[in-house]
$ cat work26.txt   # compact mmCIF, all heavy atoms
# COMPACT_ATOMS: atom_id res chain seq x y z
N MET A 1 0.84 -1.18 0.00
CA MET A 1 0.00 0.00 0.00
C MET A 1 0.89 1.24 0.00
O MET A 1 1.89 1.29 0.68
CB MET A 1 -0.90 -0.05 1.23
CG MET A 1 -1.86 1.08 1.32
SD MET A 1 -2.94 0.73 2.71
CE MET A 1 -3.89 2.18 2.71
N THR A 2 0.50 2.21 -0.76
CA THR A 2 1.28 3.44 -0.79
C THR A 2 0.47 4.56 -0.18
O THR A 2 -0.75 4.52 -0.12
CB THR A 2 1.65 3.83 -2.24
OG1 THR A 2 0.46 4.02 -2.97
CG2 THR A 2 2.51 2.76 -2.88
N GLY A 3 1.16 5.54 0.28
CA GLY A 3 0.50 6.70 0.88
C GLY A 3 1.53 7.73 1.23
O GLY A 3 2.72 7.59 0.94
N LEU A 4 1.08 8.77 1.91
CA LEU A 4 1.99 9.86 2.26
C LEU A 4 3.08 9.42 3.22
O LEU A 4 4.17 9.97 3.22
CB LEU A 4 1.20 11.03 2.86
CG LEU A 4 0.22 11.72 1.92
CD1 LEU A 4 -0.55 12.80 2.65
CD2 LEU A 4 0.95 12.31 0.73
N ASP A 5 2.80 8.43 4.08
CA ASP A 5 3.79 7.99 5.05
C ASP A 5 4.80 7.02 4.46
O ASP A 5 5.76 6.66 5.11
CB ASP A 5 3.09 7.36 6.25
CG ASP A 5 2.29 8.38 7.04
OD1 ASP A 5 2.68 9.56 7.02
OD2 ASP A 5 1.28 7.99 7.65
N ASN A 6 4.58 6.55 3.25
CA ASN A 6 5.48 5.59 2.62
C ASN A 6 6.33 6.33 1.59
O ASN A 6 6.00 6.43 0.44
CB ASN A 6 4.67 4.47 1.94
CG ASN A 6 5.57 3.39 1.39
OD1 ASN A 6 6.78 3.42 1.58
ND2 ASN A 6 4.97 2.44 0.72
N ARG A 7 7.48 6.81 2.03
CA ARG A 7 8.35 7.62 1.16
C ARG A 7 9.45 6.81 0.51
O ARG A 7 10.20 7.33 -0.29
CB ARG A 7 8.97 8.75 1.96
CG ARG A 7 7.95 9.70 2.50
CD ARG A 7 8.62 10.81 3.23
NE ARG A 7 7.66 11.41 4.14
CZ ARG A 7 7.96 12.19 5.13
NH1 ARG A 7 9.22 12.46 5.36
NH2 ARG A 7 7.04 12.68 5.91
N GLY A 8 9.58 5.55 0.87
CA GLY A 8 10.66 4.75 0.32
C GLY A 8 11.95 5.02 1.06
O GLY A 8 11.99 5.74 2.05
N PRO A 9 13.03 4.42 0.59
CA PRO A 9 14.32 4.59 1.29
C PRO A 9 14.82 6.02 1.18
O PRO A 9 14.65 6.68 0.16
CB PRO A 9 15.25 3.62 0.56
CG PRO A 9 14.62 3.40 -0.76
CD PRO A 9 13.14 3.59 -0.58
N LEU A 10 15.42 6.48 2.26
CA LEU A 10 16.02 7.81 2.24
C LEU A 10 17.37 7.72 1.55
O LEU A 10 18.13 6.78 1.74
CB LEU A 10 16.20 8.33 3.66
CG LEU A 10 14.91 8.56 4.44
CD1 LEU A 10 15.23 9.00 5.86
CD2 LEU A 10 14.04 9.60 3.75
N ARG A 11 17.66 8.69 0.72
CA ARG A 11 18.91 8.71 -0.02
C ARG A 11 19.63 10.01 0.24
O ARG A 11 19.01 11.06 0.35
CB ARG A 11 18.64 8.57 -1.52
CG ARG A 11 18.01 7.25 -1.87
CD ARG A 11 17.77 7.14 -3.34
NE ARG A 11 17.02 5.93 -3.61
CZ ARG A 11 16.34 5.72 -4.70
NH1 ARG A 11 16.31 6.64 -5.64
NH2 ARG A 11 15.70 4.60 -4.89
N GLU A 12 20.93 9.93 0.30
CA GLU A 12 21.73 11.12 0.47
C GLU A 12 21.87 11.79 -0.89
O GLU A 12 22.13 11.13 -1.90
CB GLU A 12 23.10 10.74 1.00
CG GLU A 12 23.93 11.93 1.41
CD GLU A 12 25.22 11.50 2.09
OE1 GLU A 12 25.30 10.35 2.56
OE2 GLU A 12 26.13 12.33 2.13
N LEU A 13 21.68 13.09 -0.94
CA LEU A 13 21.78 13.85 -2.18
C LEU A 13 23.14 14.52 -2.27
O LEU A 13 23.67 15.00 -1.27
CB LEU A 13 20.68 14.91 -2.27
CG LEU A 13 19.26 14.40 -2.25
CD1 LEU A 13 18.29 15.56 -2.26
CD2 LEU A 13 19.00 13.49 -3.43
N HIS A 14 23.71 14.53 -3.46
CA HIS A 14 24.99 15.16 -3.70
C HIS A 14 24.84 16.15 -4.85
O HIS A 14 24.24 15.82 -5.87
CB HIS A 14 26.06 14.13 -4.07
CG HIS A 14 26.27 13.10 -3.02
ND1 HIS A 14 27.06 13.33 -1.93
CD2 HIS A 14 25.78 11.84 -2.87
CE1 HIS A 14 27.06 12.25 -1.15
NE2 HIS A 14 26.29 11.34 -1.71
N ALA A 15 25.38 17.32 -4.67
CA ALA A 15 25.36 18.30 -5.76
C ALA A 15 26.29 17.83 -6.87
O ALA A 15 27.34 17.25 -6.61
CB ALA A 15 25.81 19.66 -5.24
N LEU A 16 25.87 18.04 -8.10
CA LEU A 16 26.69 17.66 -9.24
C LEU A 16 27.56 18.84 -9.66
O LEU A 16 27.10 19.98 -9.70
CB LEU A 16 25.81 17.24 -10.42
CG LEU A 16 24.94 16.01 -10.21
CD1 LEU A 16 24.07 15.79 -11.42
CD2 LEU A 16 25.80 14.79 -9.95
N ARG A 17 28.79 18.56 -9.95
CA ARG A 17 29.68 19.59 -10.46
C ARG A 17 29.55 19.64 -11.97
O ARG A 17 29.40 18.60 -12.62
CB ARG A 17 31.13 19.30 -10.10
CG ARG A 17 31.40 19.39 -8.62
CD ARG A 17 32.80 19.01 -8.34
NE ARG A 17 32.96 17.63 -8.80
CZ ARG A 17 34.05 16.92 -8.69
NH1 ARG A 17 35.11 17.43 -8.15
NH2 ARG A 17 34.11 15.68 -9.14
N PRO A 18 29.61 20.83 -12.55
CA PRO A 18 29.52 20.90 -14.01
C PRO A 18 30.74 20.27 -14.66
O PRO A 18 31.84 20.30 -14.11
CB PRO A 18 29.45 22.40 -14.31
CG PRO A 18 30.01 23.07 -13.11
CD PRO A 18 29.75 22.15 -11.94
N LEU A 19 30.53 19.69 -15.82
CA LEU A 19 31.66 19.18 -16.58
C LEU A 19 32.49 20.35 -17.09
O LEU A 19 31.96 21.43 -17.33
CB LEU A 19 31.14 18.36 -17.77
CG LEU A 19 30.38 17.10 -17.43
CD1 LEU A 19 29.74 16.51 -18.69
CD2 LEU A 19 31.28 16.09 -16.76
N PRO A 20 33.78 20.16 -17.24
CA PRO A 20 34.61 21.25 -17.76
C PRO A 20 34.08 21.77 -19.09
O PRO A 20 33.72 21.00 -19.97
CB PRO A 20 35.99 20.59 -17.93
CG PRO A 20 35.97 19.43 -17.00
CD PRO A 20 34.55 18.94 -16.96
N GLY A 21 33.97 23.08 -19.19
CA GLY A 21 33.49 23.70 -20.42
C GLY A 21 31.98 23.86 -20.48
O GLY A 21 31.46 24.42 -21.43
N THR A 22 31.27 23.37 -19.45
CA THR A 22 29.81 23.49 -19.47
C THR A 22 29.30 24.51 -18.44
O THR A 22 28.10 24.63 -18.27
CB THR A 22 29.13 22.14 -19.20
OG1 THR A 22 29.47 21.70 -17.88
CG2 THR A 22 29.53 21.10 -20.21
N GLU A 23 30.20 25.20 -17.77
CA GLU A 23 29.79 26.17 -16.78
C GLU A 23 28.87 27.21 -17.42
O GLU A 23 29.13 27.72 -18.50
CB GLU A 23 31.00 26.88 -16.17
CG GLU A 23 31.92 25.97 -15.38
CD GLU A 23 32.96 25.27 -16.24
OE1 GLU A 23 32.92 25.38 -17.48
OE2 GLU A 23 33.83 24.60 -15.65
N GLY A 24 27.74 27.47 -16.76
CA GLY A 24 26.80 28.47 -17.27
C GLY A 24 25.89 27.96 -18.37
O GLY A 24 25.12 28.71 -18.93
N LYS A 25 25.97 26.69 -18.70
CA LYS A 25 25.13 26.11 -19.74
C LYS A 25 24.18 25.10 -19.12
O LYS A 25 24.49 24.49 -18.09
CB LYS A 25 25.98 25.40 -20.80
CG LYS A 25 26.91 26.32 -21.55
CD LYS A 25 27.74 25.53 -22.54
CE LYS A 25 28.73 26.45 -23.24
NZ LYS A 25 29.59 25.71 -24.15
N ALA A 26 23.04 24.91 -19.73
CA ALA A 26 22.11 23.89 -19.27
C ALA A 26 22.64 22.52 -19.69
O ALA A 26 23.06 22.34 -20.83
CB ALA A 26 20.73 24.13 -19.87
N THR A 27 22.66 21.59 -18.77
CA THR A 27 23.11 20.23 -19.07
C THR A 27 22.05 19.24 -18.60
O THR A 27 21.17 19.58 -17.83
CB THR A 27 24.46 19.92 -18.40
OG1 THR A 27 24.31 20.06 -16.99
CG2 THR A 27 25.55 20.84 -18.89
N PHE A 28 22.14 18.03 -19.05
CA PHE A 28 21.22 16.98 -18.64
C PHE A 28 21.97 15.68 -18.57
O PHE A 28 23.09 15.56 -19.06
CB PHE A 28 20.03 16.87 -19.61
CG PHE A 28 20.40 16.29 -20.95
CD1 PHE A 28 20.20 14.94 -21.20
CD2 PHE A 28 20.98 17.07 -21.93
CE1 PHE A 28 20.56 14.40 -22.43
CE2 PHE A 28 21.34 16.54 -23.15
CZ PHE A 28 21.12 15.19 -23.41
N SER A 29 21.37 14.70 -17.95
CA SER A 29 21.97 13.37 -17.91
C SER A 29 20.90 12.33 -18.20
O SER A 29 19.72 12.57 -18.02
CB SER A 29 22.62 13.11 -16.54
OG SER A 29 21.62 13.08 -15.55
N ALA A 30 21.35 11.20 -18.67
CA ALA A 30 20.45 10.07 -18.93
C ALA A 30 21.04 8.86 -18.23
O ALA A 30 22.27 8.69 -18.19
CB ALA A 30 20.33 9.80 -20.42
N SER A 31 20.20 8.03 -17.66
CA SER A 31 20.68 6.86 -16.94
C SER A 31 21.23 5.82 -17.91
O SER A 31 20.93 5.84 -19.11
CB SER A 31 19.55 6.25 -16.12
OG SER A 31 18.59 5.65 -16.97
N GLY A 32 22.01 4.91 -17.37
CA GLY A 32 22.53 3.81 -18.17
C GLY A 32 21.41 2.98 -18.76
O GLY A 32 21.54 2.48 -19.89
N ALA A 33 20.30 2.85 -18.04
CA ALA A 33 19.16 2.08 -18.55
C ALA A 33 18.57 2.75 -19.79
O ALA A 33 18.21 2.07 -20.75
CB ALA A 33 18.10 1.92 -17.47
N VAL A 34 18.46 4.07 -19.76
CA VAL A 34 17.93 4.80 -20.92
C VAL A 34 18.88 4.65 -22.10
O VAL A 34 18.44 4.39 -23.23
CB VAL A 34 17.69 6.29 -20.58
CG1 VAL A 34 17.37 7.09 -21.82
CG2 VAL A 34 16.57 6.42 -19.55
N LEU A 35 20.17 4.79 -21.84
CA LEU A 35 21.14 4.64 -22.92
C LEU A 35 21.08 3.24 -23.52
O LEU A 35 21.13 3.08 -24.74
CB LEU A 35 22.56 4.94 -22.42
CG LEU A 35 22.82 6.36 -21.93
CD1 LEU A 35 24.27 6.50 -21.48
CD2 LEU A 35 22.47 7.38 -22.98
N ALA A 36 20.93 2.23 -22.67
CA ALA A 36 20.84 0.85 -23.16
C ALA A 36 19.60 0.66 -24.02
O ALA A 36 19.66 0.02 -25.08
CB ALA A 36 20.83 -0.13 -21.99
N LEU A 37 18.46 1.22 -23.58
CA LEU A 37 17.24 1.11 -24.37
C LEU A 37 17.37 1.78 -25.73
O LEU A 37 16.79 1.34 -26.72
CB LEU A 37 16.05 1.72 -23.62
CG LEU A 37 15.52 0.91 -22.44
CD1 LEU A 37 14.49 1.72 -21.67
CD2 LEU A 37 14.92 -0.40 -22.92
N LEU A 38 18.15 2.85 -25.77
CA LEU A 38 18.35 3.58 -27.02
C LEU A 38 19.50 2.99 -27.85
O LEU A 38 19.73 3.43 -28.97
CB LEU A 38 18.62 5.06 -26.74
CG LEU A 38 17.50 5.82 -26.06
CD1 LEU A 38 17.95 7.24 -25.72
CD2 LEU A 38 16.25 5.84 -26.92
N GLY A 39 20.20 2.02 -27.29
CA GLY A 39 21.31 1.41 -28.01
C GLY A 39 22.52 2.32 -28.11
O GLY A 39 23.27 2.25 -29.08
N LEU A 40 22.72 3.16 -27.09
CA LEU A 40 23.82 4.12 -27.11
C LEU A 40 24.85 3.78 -26.05
O LEU A 40 24.51 3.32 -24.96
CB LEU A 40 23.30 5.53 -26.82
CG LEU A 40 22.34 6.14 -27.82
CD1 LEU A 40 21.78 7.44 -27.27
CD2 LEU A 40 23.01 6.37 -29.15
N THR A 41 26.10 4.01 -26.35
CA THR A 41 27.16 3.95 -25.35
C THR A 41 27.27 5.34 -24.73
O THR A 41 26.81 6.33 -25.33
CB THR A 41 28.51 3.57 -25.97
OG1 THR A 41 28.93 4.64 -26.83
CG2 THR A 41 28.43 2.26 -26.74
N PRO A 42 27.86 5.45 -23.55
CA PRO A 42 28.07 6.79 -22.98
C PRO A 42 28.85 7.71 -23.93
O PRO A 42 28.57 8.90 -24.03
CB PRO A 42 28.84 6.52 -21.69
CG PRO A 42 28.38 5.15 -21.29
CD PRO A 42 28.24 4.40 -22.60
N ALA A 43 29.81 7.15 -24.65
CA ALA A 43 30.58 7.96 -25.60
C ALA A 43 29.70 8.47 -26.72
O ALA A 43 29.82 9.63 -27.15
CB ALA A 43 31.75 7.15 -26.16
N ASP A 44 28.78 7.62 -27.22
CA ASP A 44 27.84 8.06 -28.25
C ASP A 44 26.93 9.17 -27.73
O ASP A 44 26.66 10.15 -28.41
CB ASP A 44 26.95 6.90 -28.73
CG ASP A 44 27.72 5.80 -29.43
OD1 ASP A 44 28.78 6.09 -30.01
OD2 ASP A 44 27.24 4.66 -29.39
N ALA A 45 26.45 8.98 -26.51
CA ALA A 45 25.49 9.92 -25.94
C ALA A 45 26.13 11.27 -25.63
O ALA A 45 25.44 12.29 -25.63
CB ALA A 45 24.89 9.34 -24.66
N ALA A 46 27.43 11.29 -25.39
CA ALA A 46 28.11 12.53 -25.03
C ALA A 46 27.99 13.60 -26.11
O ALA A 46 27.98 14.79 -25.81
CB ALA A 46 29.58 12.26 -24.73
N GLY A 47 27.85 13.19 -27.35
CA GLY A 47 27.75 14.16 -28.44
C GLY A 47 26.34 14.61 -28.75
O GLY A 47 26.14 15.42 -29.64
N LEU A 48 25.35 14.08 -28.01
CA LEU A 48 23.96 14.42 -28.29
C LEU A 48 23.48 15.57 -27.40
O LEU A 48 23.96 15.73 -26.29
CB LEU A 48 23.07 13.20 -28.04
CG LEU A 48 23.38 11.96 -28.86
CD1 LEU A 48 22.47 10.82 -28.42
CD2 LEU A 48 23.23 12.22 -30.33
N ASP A 49 22.53 16.31 -27.90
CA ASP A 49 21.89 17.30 -27.04
C ASP A 49 20.53 16.75 -26.63
O ASP A 49 20.11 15.68 -27.05
CB ASP A 49 21.80 18.68 -27.69
CG ASP A 49 20.94 18.71 -28.94
OD1 ASP A 49 20.12 17.80 -29.14
OD2 ASP A 49 21.06 19.67 -29.71
N LEU A 50 19.84 17.47 -25.76
CA LEU A 50 18.57 17.00 -25.21
C LEU A 50 17.54 16.73 -26.30
O LEU A 50 16.81 15.73 -26.26
CB LEU A 50 18.03 17.99 -24.19
CG LEU A 50 16.74 17.61 -23.47
CD1 LEU A 50 16.89 16.27 -22.76
CD2 LEU A 50 16.32 18.68 -22.50
N ALA A 51 17.50 17.56 -27.32
CA ALA A 51 16.54 17.36 -28.41
C ALA A 51 16.79 16.03 -29.12
O ALA A 51 15.85 15.32 -29.47
CB ALA A 51 16.61 18.52 -29.40
N ASP A 52 18.07 15.69 -29.31
CA ASP A 52 18.41 14.41 -29.94
C ASP A 52 17.91 13.24 -29.10
O ASP A 52 17.32 12.29 -29.62
CB ASP A 52 19.93 14.26 -30.12
CG ASP A 52 20.52 15.26 -31.08
OD1 ASP A 52 19.83 15.64 -32.05
OD2 ASP A 52 21.67 15.67 -30.86
N VAL A 53 18.15 13.30 -27.80
CA VAL A 53 17.74 12.21 -26.91
C VAL A 53 16.23 12.08 -26.87
O VAL A 53 15.69 10.99 -26.96
CB VAL A 53 18.33 12.41 -25.50
CG1 VAL A 53 17.77 11.38 -24.52
CG2 VAL A 53 19.85 12.33 -25.53
N LEU A 54 15.52 13.20 -26.76
CA LEU A 54 14.05 13.15 -26.74
C LEU A 54 13.51 12.59 -28.05
O LEU A 54 12.54 11.82 -28.05
CB LEU A 54 13.47 14.53 -26.46
CG LEU A 54 13.77 15.08 -25.06
CD1 LEU A 54 13.24 16.50 -24.93
CD2 LEU A 54 13.21 14.17 -23.98
N ARG A 55 14.13 12.95 -29.17
CA ARG A 55 13.71 12.41 -30.47
C ARG A 55 13.91 10.91 -30.50
O ARG A 55 13.03 10.15 -30.92
CB ARG A 55 14.47 13.08 -31.61
CG ARG A 55 14.08 12.57 -33.00
CD ARG A 55 14.91 13.24 -34.11
NE ARG A 55 16.35 13.24 -33.87
CZ ARG A 55 17.14 12.17 -34.00
NH1 ARG A 55 16.66 11.02 -34.37
NH2 ARG A 55 18.44 12.26 -33.79
N LEU A 56 15.07 10.45 -30.04
CA LEU A 56 15.34 9.00 -30.03
C LEU A 56 14.35 8.26 -29.14
O LEU A 56 13.88 7.18 -29.48
CB LEU A 56 16.77 8.74 -29.56
CG LEU A 56 17.87 9.12 -30.54
CD1 LEU A 56 19.24 9.04 -29.85
CD2 LEU A 56 17.84 8.20 -31.74
N ILE A 57 14.03 8.84 -27.99
CA ILE A 57 13.06 8.21 -27.09
C ILE A 57 11.71 8.10 -27.76
O ILE A 57 11.07 7.06 -27.72
CB ILE A 57 12.98 8.98 -25.74
CG1 ILE A 57 14.27 8.79 -24.95
CG2 ILE A 57 11.77 8.54 -24.94
CD1 ILE A 57 14.39 9.68 -23.74
N SER A 58 11.27 9.19 -28.41
CA SER A 58 9.95 9.16 -29.05
C SER A 58 9.92 8.17 -30.22
O SER A 58 8.91 7.53 -30.48
CB SER A 58 9.52 10.55 -29.52
OG SER A 58 10.32 11.00 -30.59
N GLU A 59 11.05 8.00 -30.90
CA GLU A 59 11.12 7.05 -32.01
C GLU A 59 11.13 5.60 -31.53
O GLU A 59 10.72 4.72 -32.28
CB GLU A 59 12.37 7.32 -32.85
CG GLU A 59 12.30 8.59 -33.65
CD GLU A 59 13.60 8.92 -34.38
OE1 GLU A 59 14.59 8.16 -34.20
OE2 GLU A 59 13.64 9.94 -35.08
N THR A 60 11.57 5.35 -30.33
CA THR A 60 11.66 3.98 -29.83
C THR A 60 10.45 3.58 -28.99
O THR A 60 10.39 2.44 -28.53
CB THR A 60 12.94 3.76 -29.00
OG1 THR A 60 12.95 4.67 -27.92
CG2 THR A 60 14.17 3.92 -29.85
N LYS A 61 9.49 4.47 -28.79
CA LYS A 61 8.28 4.10 -28.05
C LYS A 61 7.61 2.93 -28.74
O LYS A 61 7.44 2.92 -29.96
CB LYS A 61 7.31 5.27 -27.96
CG LYS A 61 7.66 6.27 -26.91
CD LYS A 61 6.57 7.30 -26.81
CE LYS A 61 6.88 8.31 -25.74
NZ LYS A 61 5.87 9.34 -25.65
N GLY A 62 7.23 1.95 -27.95
CA GLY A 62 6.54 0.79 -28.51
C GLY A 62 7.46 -0.31 -28.95
O GLY A 62 7.02 -1.37 -29.35
N ASP A 63 8.78 -0.09 -28.93
CA ASP A 63 9.73 -1.15 -29.31
C ASP A 63 9.82 -2.17 -28.20
O ASP A 63 9.63 -1.95 -27.09
CB ASP A 63 11.13 -0.58 -29.58
CG ASP A 63 11.17 0.14 -30.94
OD1 ASP A 63 10.19 0.05 -31.67
OD2 ASP A 63 12.20 0.76 -31.21

$ encode --input "work26.txt" --output "structure tokens"
Amino acid sequence: MTGLDNRGPLRELHALRPLPGTEGKATFSASGAVLALLGLTPADAAGLDLADVLRLISETKGD
């Protein structure tokens, strides 16, 4: 049963540091599971922007 009192495990949060050269720019990340579903390696994904990733996700819906 779920409810307001069932928050799941508590996790420690850590601030992310920007990658070199990305200071002041919007950045995003995708989990390894998302990359695997899209058939991408981290190296492949590094060259993509958010629009590319969203397009790939929308193209793979239903696969």

$ atom_distance --input "work26.txt" --atom1 "atom CA of A:Pro42" --atom2 "atom N of A:Phe28"
13.3 Å

$ closest_residue --input "work26.txt" --among "A:Arg11, A:Gly39, A:Glu23, A:Arg17" --to "A:Val53" --atoms "only C-alpha atoms"
A:Gly39

$ axis_aligned_box --input "work26.txt" --around "stretch 51-57 of chain A" --padding-each-side "3 Å" --output "lines of an AutoDock Vina configuration file"
center_x = 16.4
center_y = 12.8
center_z = -29.1
size_x = 16.6
size_y = 17.5
size_z = 16.6

$ atom_distance --input "work26.txt" --atom1 "atom CD2 of A:Leu38" --atom2 "atom CA of A:Leu56"
4.5 Å

$ atom_distance --input "work26.txt" --atom1 "atom C of A:Glu12" --atom2 "atom N of A:Ser31"
17.3 Å

$ decode --input "work26.txt" --residues "stretch 40-61 of chain A" --atoms "N, CA and C atoms" --output "CSV table (one decimal), in the first residue's frame"
chain,number,residue,atom,x,y,z
A,40,LEU,N,22.7,3.2,-27.1
A,40,LEU,CA,23.8,4.1,-27.1
A,40,LEU,C,24.9,3.8,-26.0
A,41,THR,N,26.1,4.0,-26.4
A,41,THR,CA,27.2,4.0,-25.3
A,41,THR,C,27.3,5.3,-24.7
A,42,PRO,N,27.9,5.5,-23.6
A,42,PRO,CA,28.1,6.8,-23.0
A,42,PRO,C,28.9,7.7,-23.9
A,43,ALA,N,29.8,7.1,-24.6
A,43,ALA,CA,30.6,8.0,-25.6
A,43,ALA,C,29.7,8.5,-26.7
A,44,ASP,N,28.8,7.6,-27.2
A,44,ASP,CA,27.8,8.1,-28.3
A,44,ASP,C,26.9,9.2,-27.7
A,45,ALA,N,26.4,9.0,-26.5
A,45,ALA,CA,25.5,9.9,-25.9
A,45,ALA,C,26.1,11.3,-25.6
A,46,ALA,N,27.4,11.3,-25.4
A,46,ALA,CA,28.1,12.5,-25.0
A,46,ALA,C,28.0,13.6,-26.1
A,47,GLY,N,27.8,13.2,-27.3
A,47,GLY,CA,27.8,14.2,-28.4
A,47,GLY,C,26.3,14.6,-28.7
A,48,LEU,N,25.4,14.1,-28.0
A,48,LEU,CA,24.0,14.4,-28.3
A,48,LEU,C,23.5,15.6,-27.4
A,49,ASP,N,22.5,16.3,-27.9
A,49,ASP,CA,21.9,17.3,-27.0
A,49,ASP,C,20.5,16.8,-26.6
A,50,LEU,N,19.8,17.5,-25.8
A,50,LEU,CA,18.6,17.0,-25.2
A,50,LEU,C,17.5,16.7,-26.3
A,51,ALA,N,17.5,17.6,-27.3
A,51,ALA,CA,16.5,17.4,-28.4
A,51,ALA,C,16.8,16.0,-29.1
A,52,ASP,N,18.1,15.7,-29.3
A,52,ASP,CA,18.4,14.4,-29.9
A,52,ASP,C,17.9,13.2,-29.1
A,53,VAL,N,18.2,13.3,-27.8
A,53,VAL,CA,17.7,12.2,-26.9
A,53,VAL,C,16.2,12.1,-26.9
A,54,LEU,N,15.5,13.2,-26.8
A,54,LEU,CA,14.1,13.2,-26.7
A,54,LEU,C,13.5,12.6,-28.1
A,55,ARG,N,14.1,12.9,-29.2
A,55,ARG,CA,13.7,12.4,-30.5
A,55,ARG,C,13.9,10.9,-30.5
A,56,LEU,N,15.1,10.4,-30.0
A,56,LEU,CA,15.3,9.0,-30.0
A,56,LEU,C,14.4,8.3,-29.1
A,57,ILE,N,14.0,8.8,-28.0
A,57,ILE,CA,13.1,8.2,-27.1
A,57,ILE,C,11.7,8.1,-27.8
A,58,SER,N,11.3,9.2,-28.4
A,58,SER,CA,9.9,9.2,-29.0
A,58,SER,C,9.9,8.2,-30.2
A,59,GLU,N,11.0,8.0,-30.9
A,59,GLU,CA,11.1,7.0,-32.0
A,59,GLU,C,11.1,5.6,-31.5
A,60,THR,N,11.6,5.3,-30.3
A,60,THR,CA,11.7,4.0,-29.8
A,60,THR,C,10.4,3.6,-29.0
A,61,LYS,N,9.5,4.5,-28.8
A,61,LYS,CA,8.3,4.1,-28.0
A,61,LYS,C,7.6,2.9,-28.7
